[in-house]
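Peer 1: My file is protein03.txt. It has compact mmCIF, C-alpha atoms:
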```
# COMPACT_ATOMS: atom_id res chain seq x y z
CA MET A 128 0.00 0.00 0.00
CA ILE A 129 1.05 3.60 -0.36
CA ASP A 130 1.95 5.97 2.48
CA LEU A 131 -1.15 7.76 3.81
CA ARG A 132 0.94 10.85 4.55
CA LEU A 133 1.86 11.07 0.88
CA LEU A 134 -1.82 10.78 -0.03
CA ARG A 135 -2.72 13.68 2.27
CA GLU A 136 0.18 15.87 1.14
CA ASP A 137 -0.05 15.22 -2.61
CA PRO A 138 -3.44 13.73 -3.56
CA ASP A 139 -3.10 14.97 -7.15
CA ARG A 140 -0.08 12.71 -7.65
CA VAL A 141 -2.13 9.72 -6.48
CA ARG A 142 -5.05 10.73 -8.71
CA ALA A 143 -2.68 10.98 -11.69
CA SER A 144 -1.31 7.52 -10.93
CA GLN A 145 -4.80 6.02 -10.74
CA ARG A 146 -5.73 7.74 -14.02
CA ALA A 147 -2.60 6.40 -15.72
CA ARG A 148 -3.47 2.88 -14.55
CA GLY A 149 -7.00 3.23 -15.89
CA GLU A 150 -8.29 2.72 -12.34
CA ASP A 151 -10.97 4.53 -10.32
CA VAL A 152 -9.80 8.07 -9.53
CA ALA A 153 -12.75 8.66 -7.19
CA LEU A 154 -11.20 6.08 -4.86
CA VAL A 155 -8.64 8.72 -3.87
CA ASP A 156 -11.30 11.13 -2.57
CA SER A 157 -13.16 8.32 -0.80
CA LEU A 158 -9.94 7.34 0.91
CA LEU A 159 -9.14 10.92 1.92
CA SER A 160 -12.61 11.26 3.43
CA ALA A 161 -12.34 7.98 5.33
CA ASP A 162 -8.89 8.92 6.61
CA GLU A 163 -10.21 12.27 7.84
CA ARG A 164 -13.03 10.49 9.69
CA ARG A 165 -10.54 8.05 11.15
CA ARG A 166 -8.33 10.80 12.50
CA SER A 167 -11.16 13.02 13.79
CA SER A 168 -12.96 10.11 15.45
CA GLY A 169 -9.66 9.10 17.03
CA VAL A 170 -9.25 12.59 18.47
CA ARG A 171 -12.85 12.52 19.71
CA PHE A 172 -12.30 9.16 21.39
CA ASP A 173 -9.11 10.37 23.10
CA GLU A 174 -10.85 13.50 24.39
CA LEU A 175 -13.78 11.54 25.81
CA ARG A 176 -11.50 8.96 27.42
CA ALA A 177 -9.48 11.74 29.09
CA GLU A 178 -12.71 13.30 30.37
CA GLN A 179 -13.89 9.90 31.61
CA LYS A 180 -10.65 9.29 33.51
CA ALA A 181 -10.77 12.76 35.09
CA LEU A 182 -14.36 12.19 36.16
CA GLY A 183 -13.43 8.81 37.59
CA LYS A 184 -11.04 10.54 39.98
CA LEU A 185 -13.73 12.97 41.20
CA ILE A 186 -16.45 10.45 41.99
CA PRO A 187 -14.78 8.84 45.06
CA LYS A 188 -14.30 12.29 46.60
CA ALA A 189 -17.91 13.41 46.07
CA SER A 190 -21.01 12.71 48.15
CA GLY A 191 -24.77 13.23 48.12
CA ASP A 192 -26.35 15.02 45.18
CA GLU A 193 -22.95 15.90 43.70
CA LYS A 194 -21.96 12.25 43.57
CA ALA A 195 -25.28 11.26 42.02
CA GLU A 196 -24.85 13.90 39.34
CA LEU A 197 -21.28 12.77 38.64
CA LEU A 198 -22.41 9.14 38.38
CA LYS A 199 -25.12 10.15 35.93
CA LYS A 200 -22.57 12.05 33.87
CA ALA A 201 -20.20 9.05 34.02
CA GLY A 202 -22.92 6.81 32.60
CA GLN A 203 -23.45 9.16 29.68
CA LEU A 204 -19.69 9.45 29.12
CA ALA A 205 -19.35 5.66 29.05
CA ALA A 206 -21.97 5.49 26.30
CA ASP A 207 -20.25 8.31 24.40
CA VAL A 208 -16.85 6.61 24.70
CA LYS A 209 -18.31 3.35 23.42
CA ALA A 210 -19.90 5.13 20.44
CA ALA A 211 -16.69 7.06 19.69
CA ASP A 212 -14.70 3.81 19.86
CA ALA A 213 -17.08 2.20 17.37
CA ASP A 214 -16.83 5.24 15.06
CA ARG A 215 -13.03 5.14 15.25
CA ASP A 216 -12.85 1.42 14.50
CA GLY A 217 -15.34 1.70 11.64
CA ALA A 218 -13.45 4.59 10.03
CA ALA A 219 -10.12 2.76 10.48
CA THR A 220 -11.55 -0.39 8.86
CA GLU A 221 -12.96 1.59 5.93
CA THR A 222 -9.66 3.45 5.49
CA GLN A 223 -7.71 0.19 5.44
CA GLU A 224 -10.10 -1.46 2.96
CA LEU A 225 -9.90 1.50 0.58
CA LEU A 226 -6.13 1.74 0.95
CA LEU A 227 -5.76 -1.93 -0.04
CA ARG A 228 -7.70 -1.23 -3.26
CA LEU A 229 -5.26 1.48 -4.35
CA GLY A 230 -2.45 0.49 -6.72
CA ASN A 231 1.18 1.51 -6.26
CA LEU A 232 2.21 4.93 -7.49
CA VAL A 233 3.28 4.76 -11.12
CA HIS A 234 6.88 5.90 -11.71
CA PRO A 235 6.93 9.24 -13.61
CA ASP A 236 9.01 7.75 -16.47
CA VAL A 237 6.52 4.96 -17.22
CA PRO A 238 4.81 5.39 -20.63
CA VAL A 239 1.12 6.17 -20.17
CA GLY A 240 -1.35 3.94 -21.96
CA GLY A 241 -2.54 0.39 -22.44
CA GLU A 242 -0.93 -2.91 -23.38
CA GLU A 243 0.29 -1.75 -26.80
CA ASP A 244 1.67 1.60 -25.59
CA PHE A 245 4.96 0.20 -24.29
CA VAL A 246 8.29 1.75 -25.27
CA THR A 247 11.03 -0.44 -26.76
CA LEU A 248 14.27 0.33 -24.92
CA GLU A 249 16.72 -2.00 -26.69
CA THR A 250 16.91 -4.96 -29.07
CA HIS A 251 19.46 -7.80 -28.94
CA GLY A 252 20.45 -10.67 -31.20
CA THR A 253 19.74 -11.47 -34.84
CA ILE A 254 16.45 -12.90 -36.07
CA ARG A 255 17.11 -15.90 -38.31
CA ASP A 256 16.02 -15.80 -41.93
CA PHE A 257 14.66 -19.32 -42.33
CA ALA A 258 13.67 -18.69 -45.95
CA ALA A 259 17.31 -17.91 -46.77
CA GLU A 260 18.28 -21.14 -45.00
CA GLY A 261 15.90 -23.03 -47.24
CA PHE A 262 13.24 -24.33 -44.87
CA GLU A 263 10.07 -23.24 -43.09
CA PRO A 264 10.35 -23.25 -39.30
CA LYS A 265 8.16 -25.63 -37.29
CA ASP A 266 6.39 -24.42 -34.19
CA HIS A 267 7.44 -25.62 -30.74
CA LEU A 268 4.67 -28.20 -30.45
CA ALA A 269 5.56 -29.88 -33.73
CA LEU A 270 9.22 -29.87 -32.69
CA GLY A 271 8.32 -31.16 -29.24
CA GLN A 272 6.49 -34.09 -30.79
CA ILE A 273 9.37 -34.85 -33.20
CA LEU A 274 11.81 -34.82 -30.27
CA GLY A 275 9.54 -36.80 -27.96
CA ALA A 276 9.69 -33.83 -25.60
CA ILE A 277 6.12 -32.51 -25.22
CA ASP A 278 2.82 -34.38 -24.84
CA VAL A 279 -0.19 -32.08 -24.63
CA GLU A 280 -2.75 -34.70 -25.68
CA ARG A 281 -2.14 -36.83 -22.60
CA GLY A 282 -1.83 -33.68 -20.50
CA ALA A 283 -5.36 -32.77 -21.57
CA LYS A 284 -6.57 -36.34 -20.98
CA VAL A 285 -5.19 -36.37 -17.44
CA SER A 286 -5.82 -32.78 -16.32
CA GLY A 287 -7.69 -30.80 -19.00
CA SER A 288 -6.75 -28.04 -21.43
CA ARG A 289 -3.55 -26.03 -20.88
CA PHE A 290 -1.83 -28.92 -19.11
CA TYR A 291 1.04 -30.96 -20.56
CA PHE A 292 3.72 -33.56 -19.95
CA LEU A 293 7.39 -32.86 -20.60
CA THR A 294 8.86 -36.20 -21.66
CA GLY A 295 12.34 -37.51 -22.44
CA VAL A 296 14.61 -34.66 -23.51
CA GLY A 297 11.79 -32.22 -22.70
CA ALA A 298 12.01 -33.14 -19.03
CA LEU A 299 15.81 -33.06 -19.18
CA LEU A 300 15.68 -29.65 -20.88
CA GLU A 301 13.59 -28.25 -18.01
CA LEU A 302 16.04 -29.58 -15.43
CA ALA A 303 18.94 -28.14 -17.41
CA LEU A 304 17.28 -24.72 -17.59
CA VAL A 305 16.51 -24.68 -13.86
CA ASN A 306 20.02 -25.74 -12.90
CA ALA A 307 21.68 -23.28 -15.28
CA ALA A 308 19.44 -20.43 -14.08
CA MET A 309 20.16 -21.26 -10.43
CA ALA A 310 23.88 -21.43 -11.20
CA GLN A 311 23.77 -17.92 -12.67
CA ALA A 312 21.73 -16.60 -9.74
CA THR A 313 23.99 -18.08 -7.06
CA ALA A 314 27.07 -16.78 -8.88
CA ALA A 315 25.46 -13.32 -8.66
CA GLY A 316 25.01 -13.69 -4.91
CA PHE A 317 21.39 -14.84 -4.67
CA THR A 318 20.44 -17.35 -1.97
CA PRO A 319 18.72 -20.34 -3.61
CA MET A 320 15.26 -21.08 -2.18
CA LEU A 321 12.71 -23.87 -2.66
CA THR A 322 9.45 -22.21 -1.66
CA PRO A 323 5.95 -23.37 -0.61
CA ALA A 324 3.35 -23.57 -3.38
CA LEU A 325 0.48 -22.94 -0.94
CA VAL A 326 0.22 -19.71 1.06
CA ARG A 327 -2.19 -18.10 3.52
CA PRO A 328 -4.50 -15.25 2.48
CA GLN A 329 -2.37 -12.58 4.19
CA SER A 330 0.64 -13.63 2.11
CA MET A 331 -1.30 -13.48 -1.17
CA ALA A 332 -3.05 -10.20 -0.30
CA GLY A 333 0.17 -8.68 1.02
CA THR A 334 1.91 -9.08 -2.32
CA GLY A 335 -1.06 -7.54 -4.15
CA PHE A 336 -2.43 -10.63 -5.93
CA LEU A 337 -5.97 -10.57 -4.51
CA GLY A 338 -6.94 -7.35 -6.27
CA GLN A 339 -6.93 -7.08 -10.06
CA ALA A 340 -5.15 -10.47 -10.38
CA ALA A 341 -7.60 -12.39 -8.16
CA GLN A 342 -9.38 -13.98 -11.14
CA ASP A 343 -6.20 -15.86 -12.04
CA VAL A 344 -5.56 -17.26 -8.55
CA TYR A 345 -6.50 -20.80 -7.47
CA HIS A 346 -8.10 -20.90 -4.00
CA LEU A 347 -8.50 -24.02 -1.86
CA ALA A 348 -11.64 -23.04 0.04
CA ASP A 349 -11.61 -25.95 2.51
CA ASP A 350 -8.15 -24.95 3.74
CA ASP A 351 -8.29 -21.20 2.98
CA LEU A 352 -5.00 -21.49 1.16
CA TYR A 353 -3.92 -20.16 -2.24
CA LEU A 354 -1.79 -21.81 -4.92
CA VAL A 355 0.94 -19.34 -5.87
CA GLY A 356 1.24 -18.03 -9.41
CA THR A 357 4.87 -17.13 -8.75
CA SER A 358 7.40 -17.68 -5.96
CA GLU A 359 7.39 -13.88 -5.62
CA VAL A 360 4.53 -14.44 -3.16
CA PRO A 361 6.29 -16.69 -0.60
CA LEU A 362 9.57 -14.80 -1.11
CA ALA A 363 7.87 -11.47 -0.35
CA ALA A 364 6.10 -12.95 2.69
CA TYR A 365 9.27 -14.69 3.92
CA HIS A 366 10.14 -11.69 6.12
CA MET A 367 6.52 -10.72 6.92
CA ASP A 368 6.16 -8.95 10.31
CA GLU A 369 9.94 -8.63 10.67
CA ILE A 370 12.35 -5.73 11.18
CA LEU A 371 15.57 -6.30 9.23
CA ASP A 372 18.95 -4.70 9.98
CA ALA A 373 20.08 -2.22 7.34
CA GLU A 374 23.54 -3.82 7.34
CA LYS A 375 22.03 -7.03 5.91
CA LEU A 376 20.62 -5.30 2.83
CA PRO A 377 20.40 -6.02 0.02
CA LEU A 378 18.86 -9.45 0.59
CA ARG A 379 18.54 -11.40 -2.65
CA TYR A 380 16.74 -14.72 -3.06
CA ALA A 381 16.33 -16.99 -6.08
CA GLY A 382 13.19 -19.08 -5.64
CA PHE A 383 12.25 -22.20 -7.57
CA SER A 384 8.62 -23.26 -7.44
CA PRO A 385 5.70 -24.62 -9.39
CA CYS A 386 3.35 -21.82 -10.45
CA PHE A 387 -0.42 -22.08 -10.94
CA ARG A 388 -2.56 -19.66 -12.95
CA ARG A 389 -6.21 -19.96 -13.94
CA GLU A 390 -5.62 -17.78 -17.05
CA ALA A 391 -9.23 -16.70 -16.65
CA GLY A 392 -8.94 -13.81 -19.09
CA SER A 393 -7.05 -15.68 -21.80
CA HIS A 394 -9.88 -17.60 -23.47
CA GLY A 395 -8.80 -18.42 -27.01
CA LYS A 396 -5.27 -17.03 -26.55
CA ASP A 397 -2.21 -19.25 -27.10
CA THR A 398 -4.26 -22.43 -26.97
CA ARG A 399 -1.71 -24.43 -28.99
CA GLY A 400 1.26 -25.89 -27.17
CA ILE A 401 2.76 -24.80 -23.86
CA PHE A 402 3.15 -21.04 -24.13
CA ARG A 403 0.19 -20.21 -21.85
CA VAL A 404 -0.56 -22.98 -19.35
CA HIS A 405 -2.15 -23.50 -15.94
CA GLN A 406 0.92 -25.02 -14.25
CA PHE A 407 4.62 -24.42 -14.87
CA ASP A 408 7.93 -24.13 -13.04
CA LYS A 409 9.90 -20.93 -12.68
CA VAL A 410 13.10 -19.51 -11.20
CA GLU A 411 12.36 -16.08 -9.71
CA MET A 412 14.72 -13.43 -8.39
CA PHE A 413 13.59 -11.36 -5.40
CA SER A 414 15.33 -8.44 -3.68
CA TYR A 415 14.88 -6.48 -0.46
CA VAL A 416 16.67 -3.12 -0.58
CA ALA A 417 16.57 0.34 0.96
CA PRO A 418 13.91 2.46 -0.83
CA GLU A 419 16.50 4.86 -2.26
CA ASP A 420 18.29 1.89 -3.90
CA SER A 421 15.26 0.37 -5.63
CA GLN A 422 15.74 1.96 -9.06
CA ALA A 423 19.38 0.87 -9.23
CA GLU A 424 18.39 -2.64 -8.12
CA HIS A 425 15.71 -2.69 -10.82
CA GLN A 426 18.38 -2.09 -13.43
CA ARG A 427 20.54 -4.83 -11.91
CA LEU A 428 17.68 -7.35 -12.10
CA LEU A 429 17.12 -6.38 -15.73
CA GLU A 430 20.83 -6.91 -16.49
CA TRP A 431 20.71 -10.40 -14.95
CA GLU A 432 17.69 -11.24 -17.13
CA LYS A 433 19.50 -9.95 -20.22
CA GLN A 434 22.57 -12.00 -19.27
CA TRP A 435 20.38 -15.11 -19.08
CA LEU A 436 18.63 -14.60 -22.42
CA THR A 437 21.93 -13.75 -24.10
CA SER A 438 23.47 -16.96 -22.74
CA LEU A 439 20.57 -18.88 -24.33
CA GLU A 440 21.45 -17.19 -27.65
CA LEU A 441 17.92 -15.87 -28.12
CA PRO A 442 17.00 -12.71 -30.05
CA TYR A 443 15.00 -10.45 -27.71
CA ARG A 444 13.96 -6.92 -26.94
CA VAL A 445 13.45 -4.98 -23.69
CA ILE A 446 10.27 -2.93 -23.23
CA ASP A 447 9.15 -0.37 -20.67
CA VAL A 448 5.63 -1.59 -19.85
CA ALA A 449 2.85 1.02 -20.12
CA SER A 450 0.98 2.25 -17.05
CA ALA A 451 -2.36 0.48 -17.56
CA ASP A 452 -0.55 -2.84 -18.08
CA LEU A 453 1.25 -2.75 -14.73
CA GLY A 454 0.31 -5.07 -11.89
CA ALA A 455 -1.10 -3.40 -8.78
CA SER A 456 2.19 -3.73 -6.88
CA ALA A 457 4.53 -2.48 -9.60
CA SER A 458 5.66 1.12 -9.84
CA ARG A 459 7.56 0.25 -13.02
CA LYS A 460 8.10 -2.94 -15.00
CA PHE A 461 10.50 -3.99 -17.75
CA ASP A 462 9.75 -7.04 -19.91
CA CYS A 463 12.25 -9.03 -21.95
CA GLU A 464 10.48 -10.47 -24.98
CA ALA A 465 12.04 -13.20 -27.10
CA TRP A 466 11.41 -13.54 -30.82
CA ILE A 467 9.12 -16.49 -31.62
CA PRO A 468 9.69 -17.35 -35.31
CA THR A 469 6.39 -19.10 -36.10
CA GLN A 470 4.41 -16.28 -34.48
CA GLY A 471 6.47 -13.61 -36.22
CA LYS A 472 6.62 -11.46 -33.10
CA TYR A 473 8.27 -10.92 -29.74
CA ARG A 474 6.66 -12.54 -26.69
CA GLU A 475 7.33 -12.01 -23.01
CA LEU A 476 9.83 -14.40 -21.44
CA THR A 477 10.88 -12.46 -18.35
CA SER A 478 9.77 -9.37 -16.48
CA THR A 479 11.12 -7.38 -13.56
CA SER A 480 9.11 -5.04 -11.34
CA ASP A 481 10.08 -2.35 -8.85
CA CYS A 482 7.38 -2.53 -6.14
CA THR A 483 8.99 0.23 -4.03
CA GLU A 484 7.47 0.14 -0.49
CA PHE A 485 4.06 -1.13 -1.61
CA GLN A 486 4.44 -4.78 -0.56
CA SER A 487 6.53 -4.14 2.54
CA ARG A 488 3.85 -1.84 3.98
CA ARG A 489 1.16 -4.46 3.41
CA LEU A 490 3.34 -7.25 4.84
CA SER A 491 4.77 -5.15 7.69
CA ILE A 492 8.41 -5.61 6.69
CA ARG A 493 10.69 -2.85 7.87
CA VAL A 494 14.37 -1.99 8.09
CA ARG A 495 16.19 -0.60 11.13
CA GLU A 496 18.88 2.05 10.57
CA GLY A 497 20.18 3.16 13.95
CA LYS A 498 17.09 4.36 15.84
CA GLN A 499 15.00 4.77 12.69
CA VAL A 500 12.62 2.02 11.55
CA ARG A 501 10.95 2.38 8.15
CA PRO A 502 9.51 0.29 5.28
CA LEU A 503 11.94 -1.09 2.72
CA ALA A 504 11.57 -1.74 -1.02
CA THR A 505 10.92 -5.07 -2.71
CA LEU A 506 11.62 -6.05 -6.31
CA ASN A 507 11.09 -9.19 -8.35
CA GLY A 508 12.40 -10.49 -11.64
CA THR A 509 11.74 -13.67 -13.61
CA LEU A 510 14.95 -15.47 -14.45
CA CYS A 511 13.45 -18.50 -16.18
CA ALA A 512 9.78 -19.32 -16.77
CA VAL A 513 10.39 -22.83 -18.07
CA PRO A 514 7.71 -23.57 -20.72
CA ARG A 515 8.02 -20.23 -22.51
CA THR A 516 11.79 -20.56 -22.50
CA ILE A 517 11.52 -24.04 -24.00
CA VAL A 518 9.23 -22.60 -26.70
CA ALA A 519 11.83 -19.95 -27.58
CA ILE A 520 14.75 -22.38 -27.55
CA LEU A 521 13.06 -25.00 -29.73
CA GLU A 522 11.85 -22.52 -32.34
CA ASN A 523 14.96 -20.35 -32.54
CA HIS A 524 17.53 -23.18 -32.50
CA GLN A 525 15.73 -25.69 -34.72
CA GLN A 526 17.39 -27.23 -37.76
CA ALA A 527 15.92 -28.40 -41.05
CA ASP A 528 15.73 -32.08 -40.00
CA GLY A 529 13.71 -31.29 -36.85
CA SER A 530 16.68 -31.46 -34.51
CA VAL A 531 17.45 -28.57 -32.16
CA ARG A 532 20.87 -27.13 -31.37
CA VAL A 533 21.53 -26.85 -27.63
CA PRO A 534 22.86 -23.46 -26.44
CA GLU A 535 26.35 -23.87 -25.01
CA VAL A 536 25.31 -22.72 -21.52
CA LEU A 537 22.94 -25.71 -21.19
CA ARG A 538 25.25 -28.43 -22.50
CA PRO A 539 26.94 -29.25 -19.16
CA TYR A 540 23.47 -29.87 -17.71
CA LEU A 541 22.45 -32.13 -20.60
CA GLY A 542 25.33 -34.57 -20.42
CA GLY A 543 27.28 -32.64 -23.05
CA ARG A 544 24.55 -32.88 -25.70
CA GLU A 545 25.08 -30.38 -28.49
CA VAL A 546 21.90 -31.31 -30.39
CA LEU A 547 18.49 -32.67 -29.41
CA GLU A 548 17.76 -35.36 -31.99
CA PRO A 549 14.37 -36.52 -33.34
CA VAL A 550 13.21 -39.76 -31.77
CA ALA A 551 12.74 -42.86 -33.89
CA LYS A 552 9.07 -43.56 -34.58
```
Translate the structure described by the file into structure tokens.
Peer 2:
Amino acid sequence: MIDLRLLREDPDRVRASQRARGEDVALVDSLLSADERRRSSGVRFDELRAEQKALGKLIPKASGDEKAELLKKAGQLAADVKAADADRDGAATETQELLLRLGNLVHPDVPVGGEEDFVTLETHGTIRDFAAEGFEPKDHLALGQILGAIDVERGAKVSGSRFYFLTGVGALLELALVNAAMAQATAAGFTPMLTPALVRPQSMAGTGFLGQAAQDVYHLADDDLYLVGTSEVPLAAYHMDEILDAEKLPLRYAGFSPCFRREAGSHGKDTRGIFRVHQFDKVEMFSYVAPEDSQAEHQRLLEWEKQWLTSLELPYRVIDVASADLGASASRKFDCEAWIPTQGKYRELTSTSDCTEFQSRRLSIRVREGKQVRPLATLNGTLCAVPRTIVAILENHQQADGSVRVPEVLRPYLGGREVLEPVAK
């Protein structure tokens, strides 16, 4: 959540952020009103309680009619205190509920607009000219079947649409990607983490995934637990309700977990293959830093993502995501999109978001610097979302006979294989 003091001091900035997100601007005024009621009712309660305590000291000293009058007044004060307490609690609850509906403040450099209004920051690698090479590229599913690597038919039989099996070299390719990604992350100083796939409501809400993203979240009602869509959630909640020492920052974690997404709003999109699925594995980077260091850390996370995609020898571009396409927690987000030959366009493989103090305020994570205790900043960055990365590798490194060249960085994790060969039928 945002800082209420900032809202009071500069409400126009918050209104502009809501407008840029395409969210309800009137929410700002409702929140200001609720906050004013919360503060005024709190003052009223404190005044009445002070009066009640003062009266309580007079009653034992009084007698006769004076005492009777004081007791009558005490009864009325008790009722007034109870009513003021209820008003204060009601206004505080309303303020908190409205505050949780407000998205993070959009960074001033973020391009304003919808999904297609991003700004391309840089482009890397060379897109292959398959026509010049003399063959038409196959899509990842056709290649996956030739290699004995992907089985979506049995995935659908067992679990339904958007599920799949990785088989043979497909399974080995996932393990190679995860191990290579973790090797890069640990070399960069990240602590490897295997995280829970089920979290409590406060963990999911604290990271901002029960607002606009709630439709894509799986909920186990009998247990009141949520399946995570990213290990960002347990990594953000890892230090929930803690005060961290400033000397320990930055804290950087690399989490590996299964991820579950309902993809409720993606009907008819990417239905072929494994690009958009309900369950997948991912290596996620997560950082805790001082708020003044968050923009520099954001650039570092982006550089680690670029290092990864470059090591996989994939052509890609980096985009600055537009304001209305940001998640509720993100102040700014960069996506790295790899070229997918059979789609003829770039598609998101990784993203990194600067969430500033938004998540730490909701999760009550603070940093101690001397005598000062304050919220810190959290950031996240995908290192390897496995299925999409397999899609990009198969399509970009395919050869005319249906085999696929293995990027050098993955070969040590694939027993030295240089090529994935078609399986004999």
Peer 1: Of the candidates A:Ala449, A:Ala455, A:Leu274, A:Val152, which shows the shortest atom-to-atom distance to Asp139 of chain A, using only C-alpha atoms?
Peer 2: A:Val152
Peer 1: Identify which of the residues A:Gly297, A:Val237, A:Val208, A:Gly287 lies closest to Gly275 of chain A, counting only C-alpha atoms when measuring atom-to-atom distances.
Peer 2: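 Of all the options, A:Gly297 lies closest to Gly275 of chain A.
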Peer 1: Residues near Phe292 of chain A, anyone? I mean within 8 Å using only C-alpha atoms, not counting same-chain ones fewer than 2 positions away, as a PyMOL selection string.
Peer 2: chain A and resi 277-279+281-282+290+294
Peer 1: Could you write out the selected residues, including C-alpha atoms, as a tab-separated table (two decimals), in the coordinates of the input?
Peer 2:
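Output below, filename part.tsv:
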```tsv
chain	number	residue	atom	x	y	z
A	277	ILE	CA	6.12	-32.51	-25.22
A	278	ASP	CA	2.82	-34.38	-24.84
A	279	VAL	CA	-0.19	-32.08	-24.63
A	281	ARG	CA	-2.14	-36.83	-22.60
A	282	GLY	CA	-1.83	-33.68	-20.50
A	290	PHE	CA	-1.83	-28.92	-19.11
A	294	THR	CA	8.86	-36.20	-21.66
```
Peer 1: For a quick check of your reading of the model, name the residues lying within 12 Å of the coordinate (3.7, 7.0, -20.3), counting all atoms listed in the file, and write them as a list of chain:residue names.
Peer 2: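 Residues close enough to count: A:Ala143, A:Ser144, A:Arg146, A:Ala147, A:Arg148, A:Val233, A:His234, A:Pro235, A:Asp236, A:Val237, A:Pro238, A:Val239, A:Gly240, A:Gly241, A:Glu242, A:Glu243, A:Asp244, A:Phe245, A:Val246, A:Asp447, A:Val448, A:Ala449, A:Ser450, A:Ala451, A:Asp452, A:Leu453, A:Arg459.
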Peer 1: Name the closest residue to Gln311 of chain A among the candidates A:Lys433, A:His251, A:Arg165, A:Arg140; distances are taken between atoms, counting all atoms listed in the file.
Peer 2: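 For Gln311 of chain A, the nearest of the given residues is A:Lys433.
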Peer 1: If you count only C-alpha atoms, which residues fall within 7 Å of segment 376-387 of chain A, apart from same-chain ones fewer than 4 positions away, as a CSV table (one decimal) with C-alpha atoms, keeping the file's coordinate frame?
Peer 2:
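Okay, around_16.csv is ready:
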```csv
chain,number,residue,atom,x,y,z
A,312,ALA,CA,21.7,-16.6,-9.7
A,317,PHE,CA,21.4,-14.8,-4.7
A,318,THR,CA,20.4,-17.4,-2.0
A,319,PRO,CA,18.7,-20.3,-3.6
A,320,MET,CA,15.3,-21.1,-2.2
A,321,LEU,CA,12.7,-23.9,-2.7
A,322,THR,CA,9.4,-22.2,-1.7
A,324,ALA,CA,3.4,-23.6,-3.4
A,354,LEU,CA,-1.8,-21.8,-4.9
A,355,VAL,CA,0.9,-19.3,-5.9
A,356,GLY,CA,1.2,-18.0,-9.4
A,357,THR,CA,4.9,-17.1,-8.8
A,358,SER,CA,7.4,-17.7,-6.0
A,405,HIS,CA,-2.2,-23.5,-15.9
A,406,GLN,CA,0.9,-25.0,-14.2
A,407,PHE,CA,4.6,-24.4,-14.9
A,408,ASP,CA,7.9,-24.1,-13.0
A,409,LYS,CA,9.9,-20.9,-12.7
A,410,VAL,CA,13.1,-19.5,-11.2
A,411,GLU,CA,12.4,-16.1,-9.7
A,412,MET,CA,14.7,-13.4,-8.4
A,413,PHE,CA,13.6,-11.4,-5.4
A,414,SER,CA,15.3,-8.4,-3.7
A,415,TYR,CA,14.9,-6.5,-0.5
A,416,VAL,CA,16.7,-3.1,-0.6
```
Peer 1: Might you pull out every residue within 12 Å of Ser487 of chain A, with all atoms listed in the file counted and same-chain residues fewer than 6 positions away left off, and present them as a ChimeraX atom specification?
Peer 2: /A:128-130,231,330,332-335,360,362-371,414-418,456,493-494,501-506
Peer 1: Quick one: residues within 7 Å of Val531 of chain A, only C-alpha atoms, excluding same-chain residues fewer than 2 positions away - as number ranges by chain?
Peer 2: A: 521, 524-526, 529, 533, 546-548
